[in-house]
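File shown: data.txt. Contents: compact mmCIF, C-alpha atoms.
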```
# COMPACT_ATOMS: atom_id res chain seq x y z
CA MET L 17 137.17 204.18 116.77
CA LEU L 18 137.70 206.63 113.95
CA ARG L 19 137.81 205.28 110.45
CA VAL L 20 140.62 206.63 108.31
CA ARG L 21 139.78 207.64 104.80
CA CYS L 22 140.30 210.49 102.35
CA LEU L 23 137.41 212.74 101.35
CA ARG L 24 137.98 215.11 98.49
CA GLY L 25 136.22 218.42 98.95
CA GLY L 26 135.04 221.32 96.85
CA SER L 27 133.64 221.65 93.37
CA ARG L 28 133.46 224.09 90.49
CA GLY L 29 129.95 224.90 91.66
CA ALA L 30 131.27 226.02 95.04
CA GLU L 31 133.91 228.16 93.35
CA ALA L 32 131.27 229.82 91.20
CA ALA L 33 129.06 230.47 94.23
CA HIS L 34 131.87 232.24 96.03
CA TYR L 35 132.81 234.25 92.97
CA ILE L 36 129.24 235.46 92.54
CA GLY L 37 128.97 236.25 96.26
CA SER L 38 132.16 238.29 96.20
CA ARG L 39 131.00 240.26 93.17
CA LEU L 40 127.54 241.07 94.43
CA GLY L 41 128.59 241.99 97.97
CA ARG L 42 127.56 241.24 101.50
CA VAL L 43 123.86 240.90 100.66
CA PHE L 44 124.52 237.40 99.35
CA THR L 45 127.22 236.15 101.73
CA GLY L 46 124.79 234.08 103.78
CA TRP L 47 123.58 232.37 100.62
CA VAL L 48 127.17 231.85 99.49
CA GLN L 49 128.08 230.19 102.78
CA ARG L 50 125.12 227.84 102.70
CA SER L 51 125.79 226.94 99.06
CA PHE L 52 129.46 226.26 99.78
CA GLN L 53 128.73 224.09 102.82
CA SER L 54 125.99 222.07 101.13
CA THR L 55 128.18 221.57 98.07
CA GLN L 56 131.03 220.39 100.29
CA ALA L 57 128.78 217.89 102.03
CA ALA L 58 127.43 216.50 98.76
CA THR L 59 130.87 216.23 97.21
CA ALA L 60 132.31 214.58 100.31
CA SER L 61 129.67 211.85 100.27
CA GLN L 62 130.27 211.12 96.59
CA ASN L 63 134.06 211.19 96.43
CA ALA L 64 135.32 209.06 99.32
CA CYS L 65 138.52 207.17 98.63
CA ALA L 66 140.70 204.83 100.62
CA ALA L 67 143.47 206.44 102.67
CA ALA L 68 145.94 203.93 101.32
CA ASP L 69 145.42 205.24 97.81
CA ASN L 70 146.56 208.69 98.93
CA LYS L 71 149.83 207.52 100.42
CA ALA L 72 151.37 206.47 97.14
CA THR L 73 153.71 209.46 97.22
CA SER L 74 155.14 211.38 100.16
CA PRO L 75 154.39 215.13 99.97
CA VAL L 76 157.30 216.07 102.25
CA PRO L 77 161.01 215.52 101.48
CA LYS L 78 162.68 213.48 104.19
CA ASP L 79 165.27 216.17 105.00
CA CYS L 80 162.81 219.12 105.13
CA LEU L 81 162.80 220.99 108.44
CA VAL L 82 159.15 221.98 108.00
CA CYS L 83 156.54 219.25 108.45
CA SER L 84 153.33 219.54 110.45
CA TYR L 85 149.89 218.13 109.70
CA ASN L 86 147.93 218.53 112.92
CA GLU L 87 147.89 220.01 116.42
CA TRP L 88 149.06 217.02 118.47
CA ASP L 89 151.86 214.97 116.86
CA PRO L 90 155.16 215.15 118.83
CA LEU L 91 156.44 218.73 118.63
CA GLU L 92 160.05 219.12 117.52
CA GLU L 93 160.39 222.76 116.38
CA VAL L 94 158.30 225.86 117.00
CA ILE L 95 158.26 229.62 116.44
CA VAL L 96 157.47 231.63 119.58
CA GLY L 97 156.42 235.26 119.26
CA ARG L 98 157.91 238.41 120.80
CA ALA L 99 156.29 240.99 123.06
CA GLU L 100 159.17 243.42 122.63
CA ASN L 101 158.12 246.86 121.31
CA ALA L 102 154.45 245.84 121.17
CA CYS L 103 152.18 248.81 120.38
CA VAL L 104 148.48 249.42 120.88
CA PRO L 105 146.83 249.46 117.42
CA PRO L 106 145.05 252.67 116.35
CA PHE L 107 141.34 252.62 117.11
CA SER L 108 140.09 251.93 113.57
CA VAL L 109 136.77 250.33 112.63
CA GLU L 110 138.18 246.80 112.42
CA VAL L 111 139.83 247.14 115.84
CA LYS L 112 136.61 248.43 117.37
CA ALA L 113 134.70 245.44 115.98
CA ASN L 114 137.16 243.00 117.57
CA THR L 115 137.47 244.53 121.04
CA TYR L 116 135.03 244.98 123.88
CA GLU L 117 133.54 248.34 124.65
CA LYS L 118 135.08 248.54 128.12
CA TYR L 119 138.50 248.82 126.42
CA TRP L 120 137.59 251.30 123.68
CA GLY L 121 138.81 254.21 125.80
CA PHE L 122 142.16 252.45 126.21
CA TYR L 123 142.56 252.17 122.42
CA GLN L 124 141.44 255.74 121.81
CA LYS L 125 143.98 257.04 124.33
CA PHE L 126 146.98 254.81 123.61
CA GLY L 127 146.58 253.81 119.93
CA GLY L 128 149.96 254.00 118.20
CA GLN L 129 151.82 253.97 121.53
CA SER L 130 153.45 251.21 123.56
CA PHE L 131 151.38 248.92 125.75
CA PRO L 132 151.94 249.77 129.44
CA LYS L 133 155.69 249.36 130.03
CA ASP L 134 155.53 247.47 133.33
CA HIS L 135 152.94 245.05 131.97
CA LEU L 136 154.95 244.53 128.80
CA LYS L 137 158.13 243.84 130.78
CA LYS L 138 156.36 241.08 132.71
CA ALA L 139 154.93 239.60 129.51
CA ILE L 140 158.39 239.50 127.92
CA ALA L 141 159.78 237.66 130.96
CA GLU L 142 156.92 235.14 130.88
CA ILE L 143 157.49 234.30 127.21
CA GLU L 144 161.24 233.94 127.78
CA GLU L 145 160.52 231.40 130.53
CA MET L 146 158.05 229.63 128.24
CA CYS L 147 160.82 229.33 125.62
CA ASN L 148 163.20 227.93 128.23
CA ILE L 149 160.65 225.32 129.28
CA LEU L 150 160.00 224.30 125.67
CA LYS L 151 163.74 223.84 125.16
CA ARG L 152 163.95 221.69 128.29
CA GLU L 153 161.17 219.56 126.83
CA GLY L 154 163.37 218.94 123.78
CA VAL L 155 161.73 221.44 121.41
CA ILE L 156 163.79 223.71 119.11
CA VAL L 157 162.61 227.32 119.50
CA LYS L 158 162.86 230.05 116.85
CA ARG L 159 161.98 233.73 117.40
CA PRO L 160 160.95 236.54 115.03
CA ASP L 161 163.13 239.62 114.63
CA PRO L 162 162.53 242.58 116.97
CA ILE L 163 161.02 245.55 115.11
CA ASP L 164 160.02 249.08 116.09
CA TRP L 165 156.25 248.87 115.68
CA SER L 166 155.66 252.54 116.56
CA VAL L 167 156.86 253.71 113.12
CA LYS L 168 154.02 255.17 111.08
CA TYR L 169 153.58 253.89 107.53
CA LYS L 170 151.42 254.88 104.61
CA THR L 171 150.08 253.03 101.59
CA PRO L 172 147.94 254.47 98.77
CA ASP L 173 144.88 253.41 100.79
CA PHE L 174 145.57 254.03 104.50
CA GLU L 175 147.94 255.15 107.24
CA SER L 176 148.75 253.25 110.43
CA THR L 177 151.36 252.29 112.97
CA GLY L 178 152.28 248.66 113.60
CA MET L 179 151.34 246.32 116.43
CA TYR L 180 153.66 243.40 117.26
CA ALA L 181 155.02 239.99 116.28
CA ALA L 182 153.64 238.30 119.37
CA MET L 183 151.26 235.81 117.78
CA PRO L 184 152.86 233.76 114.95
CA ARG L 185 149.72 231.58 114.87
CA ASP L 186 147.83 234.58 113.50
CA ILE L 187 150.03 235.07 110.46
CA LEU L 188 151.56 231.66 109.69
CA LEU L 189 149.87 228.36 108.87
CA VAL L 190 151.99 225.26 108.31
CA VAL L 191 150.39 222.55 106.17
CA GLY L 192 152.78 219.67 105.53
CA ASN L 193 156.04 221.23 104.35
CA GLU L 194 154.39 224.47 103.27
CA ILE L 195 154.41 227.72 105.23
CA ILE L 196 151.43 229.87 104.26
CA GLU L 197 151.73 233.55 105.11
CA ALA L 198 148.30 235.00 105.87
CA PRO L 199 147.24 238.38 104.40
CA MET L 200 145.78 239.53 107.76
CA ALA L 201 142.86 241.94 108.13
CA TRP L 202 143.98 244.67 110.54
CA ARG L 203 145.77 247.65 109.05
CA ALA L 204 148.07 247.72 112.09
CA ARG L 205 149.27 244.24 111.09
CA PHE L 206 149.93 244.93 107.40
CA PHE L 207 153.72 244.71 107.74
CA GLU L 208 153.85 242.10 110.51
CA TYR L 209 155.31 239.57 108.08
CA ARG L 210 158.63 241.45 108.12
CA ALA L 211 159.48 240.10 111.57
CA TYR L 212 159.26 236.51 110.27
CA ARG L 213 160.92 236.86 106.87
CA GLN L 214 164.43 235.77 107.90
CA ILE L 215 163.08 232.65 109.62
CA ILE L 216 160.92 231.76 106.63
CA LYS L 217 163.77 232.33 104.18
CA ASP L 218 165.92 229.96 106.23
CA TYR L 219 163.22 227.28 106.08
CA PHE L 220 162.75 227.90 102.35
CA ASN L 221 166.48 227.46 101.75
CA CYS L 222 166.22 224.12 103.56
CA GLY L 223 163.51 222.84 101.22
CA ALA L 224 160.21 224.12 102.60
CA LYS L 225 157.48 225.53 100.39
CA TRP L 226 156.67 229.20 101.00
CA THR L 227 153.38 230.74 99.92
CA THR L 228 152.18 234.28 100.54
CA ALA L 229 148.45 234.76 100.13
CA PRO L 230 147.30 237.78 98.08
CA LYS L 231 148.07 240.91 100.07
CA PRO L 232 144.89 242.97 100.50
CA THR L 233 144.91 246.68 99.76
CA MET L 234 142.97 247.23 103.00
CA ALA L 235 141.12 250.03 101.27
CA ASP L 236 138.02 251.43 102.96
CA GLU L 237 135.87 249.07 100.89
CA LEU L 238 137.23 246.05 102.80
CA TYR L 239 135.46 247.25 105.96
CA ASP L 240 131.89 248.13 106.80
CA GLN L 241 132.63 251.68 107.90
CA ASP L 242 129.19 251.91 109.56
CA TYR L 243 129.34 248.56 111.37
CA PRO L 244 126.62 249.17 113.97
CA ILE L 245 128.26 247.99 117.19
CA ARG L 246 127.71 249.65 120.56
CA SER L 247 127.31 246.79 123.03
CA VAL L 248 127.55 243.04 123.61
CA GLU L 249 123.89 242.78 122.60
CA ASP L 250 124.74 244.33 119.24
CA ARG L 251 127.53 241.79 118.80
CA HIS L 252 125.23 238.84 119.40
CA LYS L 253 122.61 240.18 117.01
CA LEU L 254 125.07 240.92 114.21
CA ALA L 255 126.87 237.58 114.62
CA ALA L 256 123.54 235.71 114.48
CA GLN L 257 122.76 237.52 111.21
CA GLY L 258 126.17 236.62 109.77
CA LYS L 259 127.25 240.26 109.57
CA PHE L 260 130.92 241.12 110.00
CA VAL L 261 133.09 244.23 109.84
CA THR L 262 135.07 242.78 106.92
CA THR L 263 133.34 242.70 103.54
CA GLU L 264 133.93 240.55 100.46
CA PHE L 265 135.84 243.32 98.66
CA GLU L 266 139.00 241.19 98.49
CA PRO L 267 140.33 238.04 100.19
CA CYS L 268 141.49 238.39 103.78
CA PHE L 269 142.13 235.92 106.56
CA ASP L 270 144.11 235.38 109.73
CA ALA L 271 145.79 231.97 109.92
CA ALA L 272 144.44 231.53 113.47
CA ASP L 273 140.92 231.07 112.08
CA PHE L 274 142.08 227.70 110.66
CA ILE L 275 142.79 224.57 112.69
CA ARG L 276 144.26 221.36 111.29
CA ALA L 277 143.39 217.68 111.57
CA GLY L 278 145.41 215.94 108.86
CA ARG L 279 143.62 216.08 105.51
CA ASP L 280 140.76 218.07 107.06
CA ILE L 281 141.15 221.73 107.96
CA PHE L 282 138.40 223.63 109.77
CA VAL L 283 137.81 227.37 109.51
CA GLN L 284 135.32 229.98 110.67
CA ARG L 285 134.09 233.10 108.90
CA SER L 286 135.03 235.80 111.39
CA GLN L 287 135.67 239.49 111.79
CA VAL L 288 139.09 239.01 110.18
CA THR L 289 138.48 236.08 107.79
CA ASN L 290 136.03 236.48 104.92
CA TYR L 291 134.56 233.94 102.48
CA MET L 292 136.87 235.06 99.69
CA GLY L 293 139.84 234.30 101.93
CA ILE L 294 138.43 230.89 102.82
CA GLU L 295 137.79 230.13 99.16
CA TRP L 296 141.36 231.12 98.26
CA MET L 297 142.62 228.64 100.86
CA ARG L 298 140.23 225.92 99.70
CA ARG L 299 141.39 226.17 96.09
CA HIS L 300 145.03 226.46 97.09
CA LEU L 301 144.98 223.33 99.27
CA ALA L 302 142.74 221.16 97.07
CA PRO L 303 142.69 218.30 96.27
CA ASP L 304 144.98 216.99 99.04
CA TYR L 305 143.16 218.81 101.83
CA ARG L 306 139.54 219.64 102.52
CA VAL L 307 138.58 222.99 104.05
CA HIS L 308 135.35 222.92 106.11
CA ILE L 309 133.50 226.03 107.22
CA ILE L 310 132.14 225.73 110.76
CA SER L 311 130.43 228.36 112.89
CA PHE L 312 129.65 229.06 116.52
CA LYS L 313 127.30 230.97 118.76
CA ASP L 314 129.94 233.65 119.21
CA PRO L 315 129.25 237.39 119.52
CA ASN L 316 132.77 238.27 118.41
CA PRO L 317 134.30 235.55 116.20
CA MET L 318 138.02 236.11 115.72
CA HIS L 319 140.45 233.17 115.77
CA ILE L 320 139.12 229.69 116.34
CA ASP L 321 141.50 228.24 118.94
CA ALA L 322 139.83 229.64 122.08
CA THR L 323 136.51 228.30 120.80
CA PHE L 324 137.35 225.00 119.13
CA ASN L 325 140.79 223.57 119.88
CA ILE L 326 141.64 220.10 118.52
CA ILE L 327 143.95 218.34 121.01
CA GLY L 328 144.16 214.82 119.59
CA PRO L 329 142.82 212.50 116.90
CA GLY L 330 139.06 212.81 117.28
CA LEU L 331 139.38 214.92 120.46
CA VAL L 332 138.25 218.56 120.67
CA LEU L 333 138.05 221.19 123.40
CA SER L 334 134.72 222.86 122.64
CA ASN L 335 133.92 226.14 124.37
CA PRO L 336 130.62 225.71 126.30
CA ASP L 337 129.80 229.42 125.86
CA ARG L 338 130.24 229.19 122.08
CA PRO L 339 128.67 225.91 120.92
CA CYS L 340 129.44 224.71 117.41
CA HIS L 341 126.49 224.78 114.99
CA GLN L 342 127.87 221.78 113.09
CA ILE L 343 128.44 219.59 116.15
CA GLU L 344 126.59 216.61 114.63
CA LEU L 345 129.17 216.49 111.85
CA PHE L 346 131.81 215.63 114.42
CA LYS L 347 129.68 213.33 116.53
CA LYS L 348 128.77 211.23 113.49
CA ALA L 349 132.49 210.87 112.75
CA GLY L 350 133.10 209.52 116.26
CA TRP L 351 134.79 212.62 117.62
CA THR L 352 134.65 213.40 121.34
CA MET L 353 133.72 216.92 122.42
CA ILE L 354 135.20 218.00 125.74
CA ARG L 355 133.78 221.01 127.60
CA PRO L 356 136.64 222.79 129.36
CA PRO L 357 135.92 224.22 132.84
CA VAL L 358 135.14 227.87 133.47
CA PRO L 359 138.36 229.95 133.36
CA LEU L 360 139.81 231.12 136.67
CA ILE L 361 141.38 234.38 135.47
CA PRO L 362 140.11 237.26 137.66
CA ASP L 363 137.70 239.85 136.32
CA ASP L 364 140.06 242.74 137.00
CA HIS L 365 142.91 241.31 134.92
CA PRO L 366 143.24 243.31 131.67
CA LEU L 367 142.44 241.32 128.53
CA TRP L 368 142.66 244.03 125.90
CA MET L 369 142.18 241.75 122.89
CA SER L 370 140.78 238.45 124.16
CA SER L 371 138.38 236.69 126.48
CA LYS L 372 138.99 234.60 129.58
CA TRP L 373 138.72 231.48 127.44
CA LEU L 374 142.42 231.69 126.66
CA SER L 375 142.54 229.03 129.38
CA MET L 376 141.66 226.47 126.68
CA ASN L 377 144.17 227.97 124.22
CA VAL L 378 146.72 225.28 125.04
CA LEU L 379 149.70 223.87 123.13
CA MET L 380 149.95 220.11 122.73
CA LEU L 381 153.56 218.87 122.83
CA ASP L 382 152.24 215.44 121.91
CA GLU L 383 149.11 213.41 122.64
CA LYS L 384 150.12 212.97 126.30
CA ARG L 385 151.71 216.35 127.13
CA VAL L 386 150.12 219.78 127.13
CA MET L 387 151.38 223.27 127.98
CA VAL L 388 148.77 224.96 130.14
CA ASP L 389 148.55 228.09 132.29
CA ALA L 390 149.96 227.55 135.78
CA ASN L 391 147.06 229.51 137.30
CA GLU L 392 144.30 227.46 135.64
CA THR L 393 144.10 224.54 138.08
CA SER L 394 140.65 223.43 136.90
CA ILE L 395 141.73 222.73 133.32
CA GLN L 396 144.92 221.12 134.61
CA LYS L 397 142.75 218.63 136.49
CA MET L 398 140.64 218.05 133.37
CA PHE L 399 143.74 217.12 131.34
CA GLU L 400 145.07 214.87 134.09
CA ASN L 401 141.75 213.02 134.15
CA LEU L 402 142.21 212.47 130.40
CA GLY L 403 145.63 210.92 131.04
CA ILE L 404 147.47 213.97 129.67
CA SER L 405 150.33 215.37 131.77
CA THR L 406 150.42 219.15 132.16
CA ILE L 407 153.43 221.42 131.72
CA LYS L 408 152.52 224.46 133.79
CA VAL L 409 153.70 227.91 132.70
CA ASN L 410 152.52 231.32 133.85
CA ILE L 411 151.76 233.67 130.95
CA ARG L 412 149.02 235.72 132.59
CA HIS L 413 150.51 239.09 131.53
CA ALA L 414 151.22 237.75 128.03
CA ASN L 415 147.53 236.80 127.84
CA SER L 416 146.66 240.50 127.98
CA LEU L 417 148.22 241.03 124.54
CA GLY L 418 145.63 238.75 122.99
CA GLY L 419 146.71 235.12 123.13
CA GLY L 420 147.40 231.89 124.98
CA PHE L 421 150.00 229.21 124.29
CA HIS L 422 148.53 228.21 120.93
CA CYS L 423 148.45 231.84 119.77
CA TRP L 424 151.99 232.60 120.92
CA THR L 425 153.39 229.71 118.87
CA CYS L 426 153.43 228.25 115.38
CA ASP L 427 154.53 224.63 115.22
CA ILE L 428 157.02 224.15 112.41
CA ARG L 429 157.79 220.46 112.76
CA ARG L 430 155.81 217.65 114.36
CA ARG L 431 156.87 214.03 114.06
CA GLY L 432 154.02 212.37 112.22
CA THR L 433 152.48 211.52 108.86
CA LEU L 434 149.58 212.83 106.82
CA GLN L 435 146.39 210.96 107.69
CA SER L 436 142.65 211.41 107.45
CA TYR L 437 140.79 211.44 110.78
CA PHE L 438 137.44 212.75 109.60
CA ASP L 439 134.62 210.43 108.66
```

Would you write the structure of this file as structure tokens?
Amino acid sequence: MLRVRCLRGGSRGAEAAHYIGSRLGRVFTGWVQRSFQSTQAATASQNACAAADNKATSPVPKDCLVCSYNEWDPLEEVIVGRAENACVPPFSVEVKANTYEKYWGFYQKFGGQSFPKDHLKKAIAEIEEMCNILKREGVIVKRPDPIDWSVKYKTPDFESTGMYAAMPRDILLVVGNEIIEAPMAWRARFFEYRAYRQIIKDYFNCGAKWTTAPKPTMADELYDQDYPIRSVEDRHKLAAQGKFVTTEFEPCFDAADFIRAGRDIFVQRSQVTNYMGIEWMRRHLAPDYRVHIISFKDPNPMHIDATFNIIGPGLVLSNPDRPCHQIELFKKAGWTMIRPPVPLIPDDHPLWMSSKWLSMNVLMLDEKRVMVDANETSIQKMFENLGISTIKVNIRHANSLGGGFHCWTCDIRRRGTLQSYFD
């Protein structure tokens, strides 16, 4: 049984550590991370307070359309992305660091152009069917605006074409009644927010909070231009050393590197999320929420939900190929770690921006219903053994664009209240 209580995180010391780390550069980022995590742990043990004391006021107006605190409360409204007009991003240094070498030729040849038309057509049809199924399950579905992503744009610091608005989880994070717009880290995604602006304005006009994180310049200094990556072995070595293609030049993060469990939000430092970005989120959400840095044995960390996907109170899908280094933190709190089965997706299926572990990138409609890939019979059986009914949808071609059900969606409203599940 999980005990419910509120733990207030962070301290001025942690803020100072991150500020110093950002000023002195990547040489000190490992030290900054360790200082931040140890400070969090010390503060958490000293500042526990009863959950009842934190429920004196309700942070969300009763009539607000936006309200979501976790990944499993009953889903009532969701944004689902679009594959229309999706373009291959130019083969820049940050794209190279986040894709596998067997696809580098694909990016070099097709960067700035449409993804293969036939494949894209099938992906669009799959997502349309997914939307229809969500509606039949009683969920309100919103979609971003279609945009021509092939248009080239230029800022004072770089030139690029766009990519897509397929993965709202990457750019939007809902915490309570607040929609946080992530700054992103790929130059091809700099203007991705435009596809969501009308939706967000509508929610804002209905009472939601709307926050846009500091937009990075994406100047050359944000990226290690000489990031030494040639093979999977290089990836493992660099990840083990805590070296990433993004520097600490300015805050950057993708929303998909965060995952929510009430008052506790977990995040990884990745190729697209730096410590400055994490610290910005920690300060922004304090004192009502605690942001915990966790890490994994992952040669290519980018987005947490195919590595560590929380599916219920105290229940986590934990990727067996990418074990969590802070696993004892969860075990001591009474959490259950579930190892999902090996994915069944064939080796010859193109996964241009993801791994096979999108099989565990599921969307919980509530604690007893999950949307899962129709082809992944092994994980379907796993959920059924847990007493969770499966809603089977085929998005195999949509997977190729870089995401599973969790990535393709951003839950706007879940029926539930703010609680603390972490001990």

Return the single residue from L:Lys137, L:Arg213, L:Lys125, L:Arg338 that is closest to L:Thr228, with distances computed using all atoms listed in the file.
->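 Smallest separation from L:Thr228 among the options: L:Arg213.
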
Which distance in Å separates atom CA of L:Ala198 and atom CA of L:Ile310, to one decimal?
->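 It comes out at 19.3 Å.
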
Between L:Pro315, L:Gly278, L:Pro303, L:Pro244, single out the one closest to L:Glu87, counting all atoms listed in the file.
->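 Looking only at the distances to L:Glu87, the closest residue turns out to be L:Gly278.
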
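Using only C-alpha atoms, the nearest neighbour of L:Trp296 within the list L:Cys268, L:Ile140, L:Ile275, L:Met398 is L:Cys268.
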
Identify the residues around (146.9, 231.7, 121.0) within a radius of 8 Å, measuring from all atoms listed in the file in the coordinates stated by the file, and give them as a ChimeraX atom specification.
-> /L:183,185,272,321-322,374,377-378,418-425

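The spacing separating atom CA of L:Asp364 from atom CA of L:Val386 amounts to 26.9 Å.
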
Nearest to L:Glu194: which of L:Glu400, L:Leu81, L:Lys138, L:Arg298 is it, counting all atoms listed in the file?
->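 That would be L:Leu81, the residue with the smallest distance to L:Glu194.
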